[in-house]
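*Asks:* Have a look at this one.
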Amino acid sequence: MLTRLYNFFSSVKLAVLLLALGLILVFWGTLAQVKLGLYQAQNDFFRSWFIYWQPQGSGLRIPIFPGSYLVGFLLLINLFTAHLRYYRKGWKHFGIALLHIGVVLMLVGQFATDMLSVESYMRIREGAASNYSESNGRWELAVVDTTDAKDDKVVAVPAGLLVNGETIQNPELPFKLKVLAYHLNSTLSGKQADGLEPVEAENTASMQIWWRGLPKETRMNYRDIPSVLVELTEPGGKVRKMLVSGHMNSQALTVGGRNLKMDLRPERYYKPYYLYLVDFRFDRYPGTEIPKNYSSRVRVVRPESGEDREVTIRMNEPLRYAGKTFFQSSFDEVDEKGTVLQVVDNPGWLTPYFACILVAVGMSWQFLVHLIGFATKRRTATT
Amino acid sequence: MKLLLKYLPWFCLALFVIEMVMVLKPKADGEMRVAEFGRLPALLNGRVQPLDSVARNSLLQIRSTGDVPLEFVTNRLGNLEAYPGWKFWHHPKKLRSTEWLLEVCFKPEVADTRYAFLIHHPDLISELKLGEKGVENSGLRYYTYNDLKPVVNEIITQAGNVPREAAQQTPYQKQVLKLANGINIYQRLKNSIEPEGTTNFVQLLADYQATMPAGIAALRAQQTGGEPDQAALDKFMAIARVIEAAANASYPRVVPPPNPDDRDAWANVGASLLDAIRNQQIPPAVTFYARMAKAYTDNDNAEFNSAVVGYKNWLAKDFSKEAGKGRAEYYFNRVKMFLHATIIYIFAFVLAGGALLAYGSWPTASESFRRAAFYLIVLAFLVHTAGLIFRMALEGRPPVTNLYSSAIFIGWGACVLGLILERIYKVGLGSAMAGLAGFVTLLIAHNLALGGDTMEMMRAVLDTNFWLATHVVVVTLGYASTFVAGLLAMGYVILGVFTPVLTARKDLNLSQALTKMVYAIVCFATLFSFTGTVLGGIWADQSWGRFWGWDPKENGALLIVIWNALILHARWGGLVKERGLMNLAIFGNVVTAWSWFGTNMLGIGLHSYGFMDAAFKWLMLFIAMNVTLIGLGCLPLNIWKSFQSNDTTPPAAPKSADRESTPEPAGVA
């Protein structure tokens, strides 16, 4: 039984089957992007163990096709066992081993990237600096204590904890926080309209606001903007309702003599250094609007070590610093005087580089061996 | 007969070498030095190019051809029609691109009577009530600007209502946009050298300069609240307004930078004349162009030539680089190397096909045809390579920068592989494949070029010669080699099913030779497509922080890698033998075609070049053809002409014939 299993997993037939499945998966996943958008198709097809079919109107999710994780995982098993089974010593077969190690590295590296890499964005205006980047999809409810003019105290609640009816308590918070209604995507309006409900909250009492939850956004270049209605209970028993939203600026309030600001904002990742934007440039080809280059001249300042140097980040030339990579991503379209840098923290970024070298060397090796063999055979045949 | 066959290869080669020499050697200019005018440099689309390129690319956008025919015949219905293409001995007169540009700029009233506008959509033609007008050429209808004049406003209004995203536009709306764009370019060209409606540009410049001092003084007085000389002001402003209108409506920038150190600061004639108010000096380039304009209107060849040569000499001082670029690109436009390569390729393909068909039955003729085909492929390859290198030098870029150049490069790569194969197996297979691949890819390139300028500037992310030279070149070679394997496999099926050629000779069995070729090429294809795809990932990691994003174009490249790997593993695992290998390789054509063109038709993702409706039809046709061939390839062997006789070994049979497909995966060596 075990032998049969081993023979199955190490067979070339399985490799061919998995490659065929991979082919269908990639093709299907590409076509699906037209309907689902790039992001959703990525999640459904390429960051999943199975592709599910959901019959309309039912809660059922029936797996109908292996997802890319499953195909990749089986390919890994196949690669390992096949090498145990077929491995042959000698320089003639060295390339085979090398190129397959490269493929393994590629698969493992991509899985690691999917699991570990974090992307965020840093927005800086010319002449200003920033020491944090913001997530593109994750939000947090931040309560900032600004009583001490020199030092802000921040308590940040990840949006994942905002569940209707849940109560959140923290020793740093001067109140109990109860989530009355949370919408992960929402619209706010100053006018009554179909489907909108009025919001009754202390901070919106003066202006009258209607709101509505929206389904999760799947389109490219659009993102979810959440809103939440919370109930704060002070130690004295005073209760107040507040509306906090990604559509609104931070909301000021005073609790027990302390000045607070509440804000629903993209999750922030603070860094022990800051980037100061000296100049952003958008170069165009002469006489046209065709972009030639985007670049940001920034100063990297790390107070604790006294480091202070200037670098230029431009297209195809990111800044790699402190384990993160800063890419020129976008800019302030109004006046072209602000930059948006994409900050990527990906511990596995080097794996494709090594994988590529291993596979290329392995294949070239093997083909050369083949070619030399072919040429010698022909020569002996013709003479 | 023997003698004829002996000299046939050399005769074919000599014929085409002579043709190429005739094409490449410099041509004398006419009495009016139109070509010299076409070589003058201007700035358009972010790059310096000769006026001839400005004219050609404008015409391509307006008319989808590089020149304008002047002679027509009246057909049975009494309508004007172009000379039918099959009367190839009749060369109807036509305006070449530069000649057309001269008319548009300097004799617009004549240019307005030329059939320069193509309208493709029958609904649009009837909507604009143009059915009675225009000329017809192979089902397409062309109109003069005078025909369109009454409906120009309606066209522009309609174009304004077309949705911006290409995916939401109907073919009708696309045609409206294209027509409106063509009219816009045409109107702007008219204002590019002299303001439209000028009868004597030299006089206008003289008046402008003469009225300028008093006019500016009056203007200053008016601004500072003084008493302006109204007559002087009116005189000057009348001219200045004409010039300003031209400044706002011009197309190429023909006036070189006033300061030679600032090489990008080209200006259009109108703008540079307005700028001249500051130092009250007319730029020398404008003076030269004014003389050309007047001389052209007066039909004064001597004066025109003297102005063109004078300007050319003036450019040589500070702008010799730009003038040289103009000359080089003009030459490149004129000699049309890719067109001539296309012609030689198709001849070579026919000869190589003949060689293959005669392979078993008439070996002497087969060898003669094969040689002829091989020589022609070498010649075509040299011409193709020369064109490729010329283009690279003009652009200052690696060979592949857009879809157009990828087609040219795929053909080139396939031709290299074909030449190598032909050197190893001297049977005509390599030449036939190279001829067909070269012909088809250059034909595709020719059609892609109908959209306009093919040397457009690279957008920010793509502006990196390092990645264009590595990722793009390698991945394109991956496409090319996958196509080569597919074409050879197509040859296997066609020759095998319909002819006895595959097993016709004992000394060199074509079916075995083809198997080895396809196998080796698939190995190459795997190497190139894998390395190229991963390099692309690394580029993506360098430029926007992610190695792999499952973008359609990336997935397309991945599909080719997976497919090639699948072919190799299926072969090593003994899942397929000779025919199976061929059928899989043919399907490789489908995968590659989809990745090359199909992904662009999805209209999404970072790599999409725009929606190409026409190409879609051809893609489907190509896929259908390949699937049909796979169907043929699956027919039982006793139907195959090549495997019918008893004394030939069918490919699926004994192990000994199939030594290459040892069932172990490590059996590459």
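Lettering and numbering for the structure tokens are positional, with chains as A, B, ... in the shown order, residues counted from 1 in each chain, and ligands counted from 1 in the shown order.
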Using only C-alpha atoms, I'd like a table of the residues in chain B that come within 7 Å of chain A; for each, show the closest atom pair and its distance in Å rounded to one decimal, ordered by chain and ascending number, as a Markdown table.
*Replies:*
```
| residue | atom | partner | partner_atom | distance |
| --- | --- | --- | --- | --- |
| B:Asn45 | CA | A:Thr288 | CA | 6.1 |
| B:Gly46 | CA | A:Tyr285 | CA | 4.9 |
| B:Asp264 | CA | A:Pro286 | CA | 5.8 |
| B:Arg459 | CA | A:Pro291 | CA | 5.5 |
| B:Ala460 | CA | A:Lys292 | CA | 4.5 |
| B:Val461 | CA | A:Met315 | CA | 5.8 |
| B:Leu527 | CA | A:Met363 | CA | 6.3 |
| B:Thr531 | CA | A:Ala360 | CA | 6.1 |
| B:Val534 | CA | A:Cys356 | CA | 6.2 |
| B:Ile538 | CA | A:Tyr353 | CA | 7.0 |
| B:Gln542 | CA | A:Asn316 | CA | 5.3 |
| B:Ser543 | CA | A:Asn316 | CA | 4.0 |
| B:Trp544 | CA | A:Phe327 | CA | 6.1 |
| B:Gly545 | CA | A:Val344 | CA | 6.3 |
| B:Trp550 | CA | A:Gln42 | CA | 6.8 |
| B:Pro552 | CA | A:Thr30 | CA | 5.6 |
| B:Asn555 | CA | A:Val26 | CA | 6.3 |
| B:Leu559 | CA | A:Leu23 | CA | 5.9 |
| B:Ile562 | CA | A:Leu19 | CA | 6.1 |
| B:Leu566 | CA | A:Val16 | CA | 5.5 |
| B:His569 | CA | A:Val16 | CA | 6.1 |
| B:Ala570 | CA | A:Val16 | CA | 6.0 |
| B:Gly573 | CA | A:Val12 | CA | 5.3 |
| B:Leu602 | CA | A:Val34 | CA | 6.9 |
| B:Pro665 | CA | A:Val12 | CA | 6.7 |
| B:Ala666 | CA | A:Ile96 | CA | 7.0 |
| B:Val668 | CA | A:His370 | CA | 6.9 |
| B:Ala669 | CA | A:His370 | CA | 4.8 |
```
*Asks:* Please, which residues of range 5-112 of chain B, numbered as in this document, come out strand (DSSP E) from DSSP, as a count of residues only?
*Replies:* 18
*Asks:* Excluding range 95-102 of chain B and residues on its chain fewer than 4 positions from it, collect all residues at most 10 Å away from it, counting only C-alpha atoms, and give them as a PyMOL selection string.
*Replies:* chain B and resi 34-39+50-60+65-70+106-108+110-111+114+116+186+189-190+193+292-293+296-297
*Asks:* Find the distance between CA of Gly353 in chain B and CA of Ile377 in chain B and write it in Å to one decimal.
*Replies:* 12.9 Å
*Asks:* Would you mind reading off the distance between CA of Trp211 in chain A and CA of Asp224 in chain A, one decimal, in Å?
*Replies:*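 Between CA of Trp211 in chain A and CA of Asp224 in chain A the gap works out to 14.5 Å.
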*Asks:* Rank nothing, just name the residue among A:Leu60, A:Leu5, A:Leu36, A:Met122 nearest to Tyr269 in chain A, using only C-alpha atoms.
*Replies:*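 Under the stated criterion, the closest residue is A:Met122.
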